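For reference, work_5.cif is printed below; it contains mmCIF, C-alpha atoms.
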```cif
data_data
#
loop_
_atom_site.group_PDB
_atom_site.id
_atom_site.type_symbol
_atom_site.label_atom_id
_atom_site.label_comp_id
_atom_site.auth_asym_id
_atom_site.auth_seq_id
_atom_site.Cartn_x
_atom_site.Cartn_y
_atom_site.Cartn_z
ATOM 1 C CA MET D 678 7.070 7.727 -32.066
ATOM 2 C CA SER D 679 9.622 5.108 -33.049
ATOM 3 C CA THR D 680 8.306 1.559 -32.884
ATOM 4 C CA ASP D 681 11.739 -0.042 -32.478
ATOM 5 C CA LYS D 682 12.258 1.535 -29.063
ATOM 6 C CA LYS D 683 11.098 -0.016 -25.811
ATOM 7 C CA LEU D 684 7.952 1.542 -24.380
ATOM 8 C CA VAL D 685 7.843 2.665 -20.758
ATOM 9 C CA SER D 686 4.371 3.151 -19.295
ATOM 10 C CA VAL D 687 4.426 5.836 -16.610
ATOM 11 C CA VAL D 688 1.257 5.162 -14.637
ATOM 12 C CA VAL D 689 -0.167 7.911 -12.419
ATOM 13 C CA PRO D 690 -3.039 6.976 -10.069
ATOM 14 C CA ILE D 691 -4.609 10.331 -9.268
ATOM 15 C CA TYR D 692 -7.392 11.898 -7.215
ATOM 16 C CA ASN D 693 -8.083 15.624 -6.868
ATOM 17 C CA GLU D 694 -4.612 16.876 -7.872
ATOM 18 C CA VAL D 695 -5.531 19.487 -10.481
ATOM 19 C CA LYS D 696 -2.597 21.746 -9.594
ATOM 20 C CA MET D 697 -0.081 18.971 -10.242
ATOM 21 C CA ILE D 698 -1.031 17.947 -13.793
ATOM 22 C CA ASP D 699 1.243 20.308 -15.721
ATOM 23 C CA GLU D 700 4.220 19.710 -13.417
ATOM 24 C CA ILE D 701 3.804 15.937 -13.661
ATOM 25 C CA TYR D 702 3.898 16.104 -17.437
ATOM 26 C CA GLN D 703 6.787 18.557 -17.609
ATOM 27 C CA ARG D 704 9.038 16.674 -15.215
ATOM 28 C CA VAL D 705 8.338 13.260 -16.761
ATOM 29 C CA ASP D 706 8.854 14.657 -20.257
ATOM 30 C CA ASP D 707 12.155 16.239 -19.205
ATOM 31 C CA VAL D 708 13.331 12.855 -17.905
ATOM 32 C CA PHE D 709 12.568 11.038 -21.150
ATOM 33 C CA ARG D 710 14.198 13.708 -23.277
ATOM 34 C CA GLY D 711 17.384 12.341 -21.758
ATOM 35 C CA LEU D 712 16.345 8.721 -22.431
ATOM 36 C CA GLU D 713 16.436 8.697 -26.213
ATOM 37 C CA LYS D 714 16.434 4.906 -26.430
ATOM 38 C CA TYR D 715 12.916 4.723 -25.016
ATOM 39 C CA ASN D 716 9.421 5.836 -25.892
ATOM 40 C CA TYR D 717 7.025 6.598 -23.077
ATOM 41 C CA GLU D 718 3.347 6.997 -22.431
ATOM 42 C CA LEU D 719 1.982 8.953 -19.487
ATOM 43 C CA VAL D 720 -1.267 7.398 -18.312
ATOM 44 C CA PHE D 721 -3.474 9.027 -15.676
ATOM 45 C CA PHE D 722 -5.949 6.793 -13.839
ATOM 46 C CA ASP D 723 -8.385 9.215 -12.282
ATOM 47 C CA ASP D 724 -10.245 7.942 -9.235
ATOM 48 C CA GLY D 725 -13.360 10.100 -9.484
ATOM 49 C CA SER D 726 -11.780 13.554 -9.099
ATOM 50 C CA THR D 727 -14.129 16.498 -8.555
ATOM 51 C CA ASP D 728 -11.724 19.469 -8.486
ATOM 52 C CA GLY D 729 -11.059 19.942 -12.202
ATOM 53 C CA THR D 730 -8.367 17.270 -12.455
ATOM 54 C CA ARG D 731 -10.203 15.466 -15.246
ATOM 55 C CA GLU D 732 -10.593 18.588 -17.328
ATOM 56 C CA ALA D 733 -6.886 19.363 -16.944
ATOM 57 C CA ILE D 734 -5.960 15.827 -18.017
ATOM 58 C CA GLU D 735 -8.281 15.978 -21.034
ATOM 59 C CA SER D 736 -6.736 19.266 -22.106
ATOM 60 C CA LEU D 737 -3.210 17.859 -21.802
ATOM 61 C CA ALA D 738 -4.161 14.676 -23.660
ATOM 62 C CA GLY D 739 -5.612 16.790 -26.445
ATOM 63 C CA GLU D 740 -2.192 18.380 -26.950
ATOM 64 C CA HIS D 741 -0.073 15.214 -26.626
ATOM 65 C CA SER D 742 -1.073 11.813 -28.017
ATOM 66 C CA HIS D 743 1.274 9.992 -25.626
ATOM 67 C CA VAL D 744 -0.677 11.402 -22.676
ATOM 68 C CA LYS D 745 -3.541 9.046 -21.944
ATOM 69 C CA ALA D 746 -6.225 8.662 -19.340
ATOM 70 C CA VAL D 747 -8.718 6.289 -17.795
ATOM 71 C CA PHE D 748 -11.553 7.842 -15.788
ATOM 72 C CA TYR D 749 -13.531 5.829 -13.230
ATOM 73 C CA SER D 750 -17.240 6.395 -12.725
ATOM 74 C CA LYS D 751 -16.751 6.660 -8.945
ATOM 75 C CA ASN D 752 -14.005 6.710 -6.345
ATOM 76 C CA CYS D 753 -12.667 3.217 -5.658
ATOM 77 C CA GLY D 754 -9.766 3.978 -3.289
ATOM 78 C CA TYR D 755 -5.985 4.020 -3.413
ATOM 79 C CA LEU D 756 -5.353 0.258 -3.242
ATOM 80 C CA LYS D 757 -7.724 -0.624 -6.077
ATOM 81 C CA ASN D 758 -6.659 2.304 -8.242
ATOM 82 C CA THR D 759 -2.954 1.517 -7.960
ATOM 83 C CA PHE D 760 -3.402 -2.200 -8.632
ATOM 84 C CA TYR D 761 -5.803 -1.739 -11.550
ATOM 85 C CA SER D 762 -3.644 0.922 -13.179
ATOM 86 C CA MET D 763 -0.663 -1.430 -13.249
ATOM 87 C CA GLN D 764 -2.788 -4.222 -14.681
ATOM 88 C CA GLN D 765 -3.688 -1.936 -17.589
ATOM 89 C CA ALA D 766 -0.125 -0.857 -18.453
ATOM 90 C CA LYS D 767 0.842 -1.646 -22.060
ATOM 91 C CA GLY D 768 4.579 -0.912 -22.051
ATOM 92 C CA ASP D 769 7.582 -3.215 -21.952
ATOM 93 C CA CYS D 770 7.758 -2.050 -18.363
ATOM 94 C CA ALA D 771 5.447 -0.008 -16.166
ATOM 95 C CA PHE D 772 6.441 2.630 -13.636
ATOM 96 C CA ILE D 773 4.160 3.922 -10.866
ATOM 97 C CA LEU D 774 4.408 7.636 -10.138
ATOM 98 C CA HIS D 775 2.482 9.271 -7.291
ATOM 99 C CA ALA D 776 0.617 12.383 -8.351
ATOM 100 C CA ASP D 777 1.873 14.465 -5.407
ATOM 101 C CA LEU D 778 5.446 14.140 -6.790
ATOM 102 C CA GLN D 779 6.907 13.501 -3.361
ATOM 103 C CA ASN D 780 8.632 10.618 -5.106
ATOM 104 C CA PRO D 781 10.753 12.379 -7.756
ATOM 105 C CA PRO D 782 10.393 11.215 -11.396
ATOM 106 C CA GLU D 783 14.022 12.270 -11.949
ATOM 107 C CA VAL D 784 15.131 8.881 -10.559
ATOM 108 C CA ILE D 785 13.304 6.958 -13.314
ATOM 109 C CA PRO D 786 16.592 6.366 -15.216
ATOM 110 C CA GLN D 787 17.974 4.498 -12.187
ATOM 111 C CA PHE D 788 14.941 2.198 -12.201
ATOM 112 C CA ILE D 789 15.281 1.557 -15.926
ATOM 113 C CA GLU D 790 18.988 0.794 -15.535
ATOM 114 C CA LYS D 791 18.301 -1.913 -12.945
ATOM 115 C CA TRP D 792 15.441 -3.249 -15.055
ATOM 116 C CA GLU D 793 17.731 -3.537 -18.078
ATOM 117 C CA LYS D 794 20.135 -5.541 -15.912
ATOM 118 C CA GLY D 795 17.496 -8.181 -15.367
ATOM 119 C CA ALA D 796 15.317 -7.102 -12.447
ATOM 120 C CA GLN D 797 11.682 -8.095 -12.830
ATOM 121 C CA VAL D 798 10.646 -5.585 -10.159
ATOM 122 C CA VAL D 799 12.556 -2.498 -9.026
ATOM 123 C CA LEU D 800 11.419 -1.026 -5.711
ATOM 124 C CA GLY D 801 11.842 2.591 -4.659
ATOM 125 C CA VAL D 802 12.990 2.708 -1.031
ATOM 126 C CA LYS D 803 13.112 5.943 0.958
ATOM 127 C CA SER D 804 16.569 6.558 2.411
ATOM 128 C CA LYS D 805 15.403 9.929 3.736
ATOM 129 C CA SER D 806 12.242 11.986 3.676
ATOM 130 C CA HIS D 807 11.518 15.708 3.850
ATOM 131 C CA GLU D 808 7.998 15.082 5.105
ATOM 132 C CA ASN D 809 6.937 15.973 8.642
ATOM 133 C CA LYS D 810 9.385 14.271 11.056
ATOM 134 C CA LEU D 811 6.640 13.074 13.373
ATOM 135 C CA LEU D 812 4.743 11.567 10.446
ATOM 136 C CA TYR D 813 7.906 9.871 9.188
ATOM 137 C CA PHE D 814 8.559 8.446 12.669
ATOM 138 C CA LEU D 815 4.991 7.171 13.004
ATOM 139 C CA ARG D 816 5.186 5.659 9.541
ATOM 140 C CA THR D 817 8.404 3.853 10.551
ATOM 141 C CA VAL D 818 6.732 2.496 13.688
ATOM 142 C CA PHE D 819 3.795 1.382 11.538
ATOM 143 C CA TYR D 820 6.138 -0.549 9.221
ATOM 144 C CA TYR D 821 7.882 -2.248 12.138
ATOM 145 C CA ILE D 822 4.559 -3.332 13.625
ATOM 146 C CA ILE D 823 3.344 -4.718 10.297
ATOM 147 C CA ILE D 824 6.623 -6.530 9.610
ATOM 148 C CA TYR D 825 7.792 -7.740 13.011
ATOM 149 C CA VAL D 826 4.583 -8.065 15.021
ATOM 150 C CA PHE D 827 2.251 -9.414 12.343
ATOM 151 C CA GLY D 828 4.900 -10.981 10.110
ATOM 152 C CA VAL D 829 3.756 -9.341 6.867
ATOM 153 C CA LYS D 830 6.675 -9.562 4.450
ATOM 154 C CA ILE D 831 7.129 -6.101 2.951
ATOM 155 C CA HIS D 832 10.210 -3.942 2.512
ATOM 156 C CA LEU D 833 10.731 -1.187 5.082
ATOM 157 C CA HIS D 834 9.969 2.243 3.569
ATOM 158 C CA ALA D 835 9.294 0.812 0.117
ATOM 159 C CA THR D 836 6.125 2.409 -1.244
ATOM 160 C CA GLU D 837 4.196 1.985 -4.501
ATOM 161 C CA PHE D 838 7.018 3.808 -6.294
ATOM 162 C CA GLU D 839 8.297 1.005 -8.444
ATOM 163 C CA LEU D 840 8.923 -0.420 -11.880
ATOM 164 C CA PHE D 841 7.479 -3.699 -13.139
ATOM 165 C CA ASP D 842 8.679 -5.702 -16.097
ATOM 166 C CA ARG D 843 6.044 -6.701 -18.657
ATOM 167 C CA SER D 844 6.210 -10.277 -17.368
ATOM 168 C CA PHE D 845 5.201 -9.186 -13.871
ATOM 169 C CA VAL D 846 2.400 -6.993 -15.201
ATOM 170 C CA ASP D 847 1.066 -10.098 -16.964
ATOM 171 C CA ILE D 848 1.165 -11.951 -13.621
ATOM 172 C CA LEU D 849 -0.855 -9.166 -11.966
ATOM 173 C CA LYS D 850 -3.474 -9.390 -14.714
ATOM 174 C CA LYS D 851 -4.160 -12.996 -13.721
ATOM 175 C CA ILE D 852 -4.832 -12.139 -10.079
ATOM 176 C CA LYS D 853 -8.514 -11.770 -9.207
ATOM 177 C CA THR D 854 -9.105 -9.905 -5.960
ATOM 178 C CA ASN D 855 -11.175 -7.020 -4.665
ATOM 179 C CA THR D 856 -8.758 -6.217 -1.855
ATOM 180 C CA PRO D 857 -5.391 -5.980 -3.629
ATOM 181 C CA PHE D 858 -2.238 -5.652 -1.526
ATOM 182 C CA LEU D 859 0.405 -4.912 -4.134
ATOM 183 C CA ARG D 860 3.388 -4.913 -1.785
ATOM 184 C CA GLY D 861 2.586 -8.425 -0.644
ATOM 185 C CA MET D 862 2.063 -9.632 -4.213
ATOM 186 C CA ILE D 863 5.524 -8.429 -5.172
ATOM 187 C CA LEU D 864 7.275 -10.601 -2.606
ATOM 188 C CA GLU D 865 4.931 -13.510 -3.306
ATOM 189 C CA TYR D 866 5.201 -13.607 -7.103
ATOM 190 C CA ALA D 867 8.151 -11.547 -8.332
ATOM 191 C CA GLY D 868 11.427 -13.127 -9.391
ATOM 192 C CA LYS D 869 14.490 -10.910 -9.230
ATOM 193 C CA ILE D 870 13.854 -7.789 -7.130
ATOM 194 C CA ASP D 871 16.205 -4.803 -7.021
ATOM 195 C CA LYS D 872 16.006 -1.479 -5.198
ATOM 196 C CA VAL D 873 16.608 2.198 -5.859
ATOM 197 C CA TYR D 874 17.202 4.374 -2.793
ATOM 198 C CA TYR D 875 15.959 7.942 -3.026
ATOM 199 C CA VAL D 876 15.124 11.011 -0.956
ATOM 200 C CA GLN D 877 11.410 11.711 -0.694
ATOM 201 C CA ASP D 878 10.405 15.338 -1.189
ATOM 202 C CA ALA D 879 7.840 17.213 0.855
ATOM 203 C CA ARG D 880 4.405 17.706 -0.671
ATOM 204 C CA LYS D 881 4.278 21.090 -2.414
ATOM 205 C CA VAL D 882 0.557 21.512 -2.979
ATOM 206 C CA GLY D 883 -2.533 20.306 -1.146
ATOM 207 C CA LYS D 884 -2.850 17.702 1.580
ATOM 208 C CA SER D 885 -2.256 13.968 1.675
ATOM 209 C CA LYS D 886 -5.315 11.871 0.859
ATOM 210 C CA PHE D 887 -4.138 9.201 3.320
ATOM 211 C CA ASN D 888 -5.916 9.534 6.659
ATOM 212 C CA LEU D 889 -6.099 7.213 9.675
ATOM 213 C CA LYS D 890 -8.982 5.263 8.136
ATOM 214 C CA LYS D 891 -6.997 4.550 4.977
ATOM 215 C CA TYR D 892 -3.910 3.554 6.946
ATOM 216 C CA TYR D 893 -6.073 1.111 8.878
ATOM 217 C CA GLU D 894 -7.554 -0.274 5.651
ATOM 218 C CA PHE D 895 -4.067 -0.654 4.170
ATOM 219 C CA ALA D 896 -2.732 -2.374 7.287
ATOM 220 C CA MET D 897 -5.642 -4.793 7.585
ATOM 221 C CA CYS D 898 -5.489 -5.636 3.887
ATOM 222 C CA GLY D 899 -1.887 -6.724 4.339
ATOM 223 C CA ILE D 900 -2.359 -8.391 7.715
ATOM 224 C CA VAL D 901 -5.364 -10.473 6.728
ATOM 225 C CA GLN D 902 -3.882 -11.622 3.424
ATOM 226 C CA TYR D 903 -0.189 -11.932 4.181
ATOM 227 C CA SER D 904 0.362 -12.244 7.910
ATOM 228 C CA VAL D 905 1.908 -15.613 8.762
ATOM 229 C CA ASN D 906 1.984 -14.944 12.486
ATOM 230 C CA ILE D 907 -1.539 -13.935 13.537
ATOM 231 C CA PRO D 908 -2.642 -17.287 15.051
ATOM 232 C CA ARG D 909 0.748 -17.785 16.696
ATOM 233 C CA ARG D 910 0.825 -14.233 18.032
ATOM 234 C CA CYS D 911 -2.654 -14.689 19.491
ATOM 235 C CA VAL D 912 -1.575 -17.887 21.223
ATOM 236 C CA LEU D 913 1.562 -16.132 22.498
ATOM 237 C CA VAL D 914 -0.449 -13.182 23.828
ATOM 238 C CA SER D 915 -2.847 -15.592 25.513
ATOM 239 C CA VAL D 916 -0.024 -17.537 27.151
ATOM 240 C CA LEU D 917 1.724 -14.357 28.310
ATOM 241 C CA GLY D 918 -1.588 -13.125 29.708
ATOM 242 C CA MET D 919 -2.051 -16.322 31.656
ATOM 243 C CA ILE D 920 1.526 -16.150 32.951
ATOM 244 C CA ALA D 921 0.999 -12.547 34.045
ATOM 245 C CA GLN D 922 -2.210 -13.497 35.788
ATOM 246 C CA ALA D 923 -0.473 -16.417 37.499
ATOM 247 C CA VAL D 924 2.396 -14.218 38.694
ATOM 248 C CA GLU D 925 0.005 -11.605 40.008
ATOM 249 C CA PHE D 926 -2.081 -14.287 41.710
ATOM 250 C CA PHE D 927 0.808 -16.040 43.493
ATOM 251 C CA VAL D 928 3.047 -13.041 44.183
ATOM 252 C CA PHE D 929 0.540 -10.338 45.094
ATOM 253 C CA PHE D 930 -2.811 -11.973 45.806
ATOM 254 C CA LEU D 931 -2.010 -15.115 47.810
ATOM 255 C CA PRO D 932 0.288 -13.364 50.342
ATOM 256 C CA ARG D 933 -2.656 -11.082 51.216
ATOM 257 C CA VAL D 934 -5.408 -13.656 51.087
ATOM 258 C CA GLN D 935 -5.631 -14.099 54.869
ATOM 259 C CA GLU D 936 -6.294 -10.396 55.241
ATOM 260 C CA LEU D 937 -9.305 -10.549 52.934
ATOM 261 C CA SER D 938 -12.840 -11.644 53.594
ATOM 262 C CA ALA D 939 -14.448 -14.514 51.682
ATOM 263 C CA MET D 940 -16.443 -12.023 49.635
ATOM 264 C CA GLU D 941 -13.336 -10.011 48.723
ATOM 265 C CA ILE D 942 -11.502 -13.171 47.732
ATOM 266 C CA SER D 943 -14.297 -14.421 45.470
ATOM 267 C CA ASN D 944 -14.788 -10.990 43.893
ATOM 268 C CA SER D 945 -11.056 -10.619 43.256
ATOM 269 C CA ILE D 946 -10.794 -14.021 41.600
ATOM 270 C CA LEU D 947 -13.920 -13.430 39.546
ATOM 271 C CA LEU D 948 -12.646 -10.046 38.372
ATOM 272 C CA ARG D 949 -9.344 -11.553 37.205
ATOM 273 C CA VAL D 950 -11.115 -14.307 35.299
ATOM 274 C CA ILE D 951 -13.485 -11.851 33.607
ATOM 275 C CA VAL D 952 -10.663 -9.517 32.542
ATOM 276 C CA LEU D 953 -8.690 -12.405 31.090
ATOM 277 C CA LEU D 954 -11.664 -13.807 29.194
ATOM 278 C CA LEU D 955 -12.609 -10.404 27.808
ATOM 279 C CA LEU D 956 -9.076 -9.895 26.568
ATOM 280 C CA PHE D 957 -9.080 -13.237 24.757
ATOM 281 C CA ILE D 958 -12.541 -12.693 23.310
ATOM 282 C CA LEU D 959 -11.643 -9.204 22.058
ATOM 283 C CA ILE D 960 -8.493 -10.389 20.313
ATOM 284 C CA PHE D 961 -10.021 -13.396 18.627
ATOM 285 C CA MET D 962 -13.336 -11.769 17.659
ATOM 286 C CA SER D 963 -11.503 -8.822 16.083
ATOM 287 C CA LEU D 964 -9.420 -11.156 13.962
ATOM 288 C CA VAL D 965 -12.377 -13.338 13.036
ATOM 289 C CA ALA D 966 -14.276 -10.229 11.914
ATOM 290 C CA GLU D 967 -11.405 -9.082 9.711
ATOM 291 C CA PHE D 968 -11.115 -12.506 8.082
ATOM 292 C CA LEU D 969 -14.863 -12.663 7.490
ATOM 293 C CA ILE D 970 -14.869 -9.219 5.883
ATOM 294 C CA PHE D 971 -12.004 -10.236 3.606
ATOM 295 C CA THR D 972 -13.749 -13.492 2.641
ATOM 296 C CA ILE D 973 -17.023 -11.746 1.863
ATOM 297 C CA LYS D 974 -15.338 -9.064 -0.242
ATOM 298 C CA ASN D 975 -13.524 -11.660 -2.309
ATOM 299 C CA SER D 976 -16.394 -14.087 -2.782
ATOM 300 C CA GLY D 977 -17.188 -14.358 -6.471
ATOM 301 C CA GLU D 978 -15.748 -12.296 -9.288
ATOM 302 C CA LYS D 979 -16.532 -8.593 -9.128
ATOM 303 C CA PRO D 980 -15.154 -5.713 -11.203
ATOM 304 C CA LEU D 981 -12.258 -4.038 -9.426
ATOM 305 C CA VAL D 982 -13.257 -0.625 -10.777
ATOM 306 C CA VAL D 983 -15.907 0.694 -13.154
ATOM 307 C CA GLU D 984 -14.494 2.732 -16.011
ATOM 308 C CA GLU D 985 -16.359 5.730 -17.347
ATOM 309 C CA LYS D 986 -14.087 6.920 -20.150
ATOM 310 C CA ARG D 987 -10.723 6.378 -21.852
ATOM 311 C CA ILE D 988 -8.688 9.000 -23.692
ATOM 312 C CA ASN D 989 -5.981 8.155 -26.275
ATOM 313 C CA TYR D 990 -5.896 4.666 -24.771
#
```

How would this structure read if it were set down as structure tokens?
Amino acid sequence: MSTDKKLVSVVVPIYNEVKMIDEIYQRVDDVFRGLEKYNYELVFFDDGSTDGTREAIESLAGEHSHVKAVFYSKNCGYLKNTFYSMQQAKGDCAFILHADLQNPPEVIPQFIEKWEKGAQVVLGVKSKSHENKLLYFLRTVFYYIIIYVFGVKIHLHATEFELFDRSFVDILKKIKTNTPFLRGMILEYAGKIDKVYYVQDARKVGKSKFNLKKYYEFAMCGIVQYSVNIPRRCVLVSVLGMIAQAVEFFVFFLPRVQELSAMEISNSILLRVIVLLLLFILIFMSLVAEFLIFTIKNSGEKPLVVEEKRINY
């Protein structure tokens, strides 16, 4: 390996993807055969796989010294794995590649080109996706809610398929958190940001590890840390609720009040007050709980992950 070439770290957070190991290596290696001005290392960060993924990685690393691995002692989750893996990258730039290969490694040269032109971070943005249409639609709705309802500043359809300059990796290494939200950090700390638009492929093997629980965790991680609108939205919802109650009271209730008995009137008013109070309490208590959970998780310095083993690294 030539030492006068720039080193690109291709980082692969992975969990139970044993059938993808050989294809990941082959496709990444094919890409860099056409990038003769660069050296690369392929680093797998295994998040406690139990399906033979680790054994497949060890076998591949035994054949190729530029294939490396970090094994965790237990599963830590997608957000922590992705963030920690980028913190550990050693190259002049680091590129995140998803193990399911829905995001094609063949576009890596486009990322490197924009990086060489001065971008500190290059984001991969889906222009089209071959995934399930309903899932793609729901994902789009999810993004719009996060961005426009809660005010979390992230790029629409930009996933953790991105390239970071060494300088930004060094910034990430200084951040101490146990609930990392990488997409928010990019817009908060990165300098020049560029984009590569690509078509996302359908998953070939296995099933997505992202379920409703993980989507909720991802959303709340971003909302709690990066939402600028939560208090204002709550006030707005409260005001709109009061306006709606007032309209209903004056337009629908008062015109009928003479037809009602005293008991019916008092019960009706009491019911409206209770519903309104419950709505306010539910909204505010939910948000307070999320903020408390975030504060507790980030109190004191804790290890983000616990490593079990490193190979060639």

Given the PyMOL selection byres ((chain D and resi 682) around 12) and the file above, list the residues it selects as a PDB file with C-alpha atoms, keeping the file's coordinate frame.
```
ATOM      1  CA  MET D 678       7.070   7.727 -32.066  1.00  0.00           C
ATOM      2  CA  SER D 679       9.622   5.108 -33.049  1.00  0.00           C
ATOM      3  CA  THR D 680       8.306   1.559 -32.884  1.00  0.00           C
ATOM      4  CA  ASP D 681      11.739  -0.042 -32.478  1.00  0.00           C
ATOM      5  CA  LYS D 683      11.098  -0.016 -25.811  1.00  0.00           C
ATOM      6  CA  LEU D 684       7.952   1.542 -24.380  1.00  0.00           C
ATOM      7  CA  VAL D 685       7.843   2.665 -20.758  1.00  0.00           C
ATOM      8  CA  LEU D 712      16.345   8.721 -22.431  1.00  0.00           C
ATOM      9  CA  GLU D 713      16.436   8.697 -26.213  1.00  0.00           C
ATOM     10  CA  LYS D 714      16.434   4.906 -26.430  1.00  0.00           C
ATOM     11  CA  TYR D 715      12.916   4.723 -25.016  1.00  0.00           C
ATOM     12  CA  ASN D 716       9.421   5.836 -25.892  1.00  0.00           C
ATOM     13  CA  TYR D 717       7.025   6.598 -23.077  1.00  0.00           C
ATOM     14  CA  GLY D 768       4.579  -0.912 -22.051  1.00  0.00           C
ATOM     15  CA  ASP D 769       7.582  -3.215 -21.952  1.00  0.00           C
TER      16      ASP D 769
END
```

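Between CA of Ile785 (chain D) and CA of Val708 (chain D) lies a distance of 7.5 Å.
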
Explicit residue set for the PyMOL selection byres ((chain D and resi 790-792) around 10), as a list in words =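 When the PyMOL selection byres ((chain D and resi 790-792) around 10) is applied to the shown file, the picked residues are Cys770, Ile785, Pro786, Gln787, Phe788, Ile789, Glu793, Lys794, Gly795, Ala796, Gln797, Val798, Val799, Leu840, Phe841, Asp842, Lys869, Ile870, Asp871, Lys872 and Val873 of chain D.
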
In Å and to one decimal, CA of Cys898 (chain D) is distant from CA of Arg860 (chain D) by 10.6 Å

Evaluate the PyMOL selection byres ((chain D and resi 874) around 6) and record the selected residues as a PyMOL selection string, following the chain and residue labels used in the document.
-> chain D and resi 801-804+873+875

Between D:Arg949, D:Arg843, D:His743, D:Lys696, which is the closest to Leu719 (chain D) once you count only C-alpha atoms?
-> D:His743

So what do you get for CA of Val744 (chain D) versus CA of Lys891 (chain D), distance-wise?
->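 Separation between CA of Val744 (chain D) and CA of Lys891 (chain D): 29.2 Å.
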
Using all atoms listed in the file, the best pick from D:Met897, D:Val924, D:Ile988, D:Leu815 as closest to Val720 (chain D) would be D:Ile988

May I have the residues within 12 Å of Gly729 (chain D) as JSON, numbers by chain, using all atoms listed in the file and disregarding those fewer than 5 positions away in the same chain?
-> {"D": [691, 692, 693, 694, 695, 696, 697, 698, 723, 734, 735, 736]}

Can you pull out every residue within 10 Å of Met862 (chain D), counting only C-alpha atoms, but drop anything in the same chain fewer than 3 positions away, and send it as an MDAnalysis selection string?
-> chainID D and resid 830:831 848:849 852 857:859 865:867 899 902:903

Completed region 840-852 of chain D (N, CA and C atoms) as a PDB file, in the frame of the given file:
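What landed in part_7.pdb:
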```pdb
ATOM      1  N   LEU D 840       8.965  -0.070 -10.460  1.00  0.00           N
ATOM      2  CA  LEU D 840       8.923  -0.420 -11.880  1.00  0.00           C
ATOM      3  C   LEU D 840       8.707  -1.915 -12.002  1.00  0.00           C
ATOM      4  N   PHE D 841       7.774  -2.288 -12.886  1.00  0.00           N
ATOM      5  CA  PHE D 841       7.479  -3.699 -13.139  1.00  0.00           C
ATOM      6  C   PHE D 841       7.812  -4.052 -14.578  1.00  0.00           C
ATOM      7  N   ASP D 842       8.471  -5.174 -14.758  1.00  0.00           N
ATOM      8  CA  ASP D 842       8.679  -5.702 -16.097  1.00  0.00           C
ATOM      9  C   ASP D 842       7.352  -6.189 -16.669  1.00  0.00           C
ATOM     10  N   ARG D 843       7.264  -6.244 -18.001  1.00  0.00           N
ATOM     11  CA  ARG D 843       6.044  -6.701 -18.657  1.00  0.00           C
ATOM     12  C   ARG D 843       5.591  -8.060 -18.125  1.00  0.00           C
ATOM     13  N   SER D 844       6.550  -8.928 -17.847  1.00  0.00           N
ATOM     14  CA  SER D 844       6.210 -10.277 -17.368  1.00  0.00           C
ATOM     15  C   SER D 844       5.500 -10.229 -16.022  1.00  0.00           C
ATOM     16  N   PHE D 845       5.867  -9.284 -15.171  1.00  0.00           N
ATOM     17  CA  PHE D 845       5.201  -9.186 -13.871  1.00  0.00           C
ATOM     18  C   PHE D 845       3.836  -8.523 -14.009  1.00  0.00           C
ATOM     19  N   VAL D 846       3.715  -7.584 -14.924  1.00  0.00           N
ATOM     20  CA  VAL D 846       2.400  -6.993 -15.201  1.00  0.00           C
ATOM     21  C   VAL D 846       1.432  -8.080 -15.653  1.00  0.00           C
ATOM     22  N   ASP D 847       1.920  -8.999 -16.495  1.00  0.00           N
ATOM     23  CA  ASP D 847       1.066 -10.098 -16.964  1.00  0.00           C
ATOM     24  C   ASP D 847       0.649 -11.001 -15.809  1.00  0.00           C
ATOM     25  N   ILE D 848       1.523 -11.174 -14.810  1.00  0.00           N
ATOM     26  CA  ILE D 848       1.165 -11.951 -13.621  1.00  0.00           C
ATOM     27  C   ILE D 848       0.044 -11.248 -12.855  1.00  0.00           C
ATOM     28  N   LEU D 849       0.169  -9.926 -12.688  1.00  0.00           N
ATOM     29  CA  LEU D 849      -0.855  -9.166 -11.966  1.00  0.00           C
ATOM     30  C   LEU D 849      -2.212  -9.268 -12.653  1.00  0.00           C
ATOM     31  N   LYS D 850      -2.213  -9.328 -13.966  1.00  0.00           N
ATOM     32  CA  LYS D 850      -3.474  -9.390 -14.714  1.00  0.00           C
ATOM     33  C   LYS D 850      -4.228 -10.689 -14.452  1.00  0.00           C
ATOM     34  N   LYS D 851      -3.526 -11.709 -13.992  1.00  0.00           N
ATOM     35  CA  LYS D 851      -4.160 -12.996 -13.721  1.00  0.00           C
ATOM     36  C   LYS D 851      -4.742 -13.069 -12.314  1.00  0.00           C
ATOM     37  N   ILE D 852      -4.389 -12.101 -11.472  1.00  0.00           N
ATOM     38  CA  ILE D 852      -4.832 -12.139 -10.079  1.00  0.00           C
ATOM     39  C   ILE D 852      -6.220 -11.509  -9.956  1.00  0.00           C
TER      40      ILE D 852
END
```
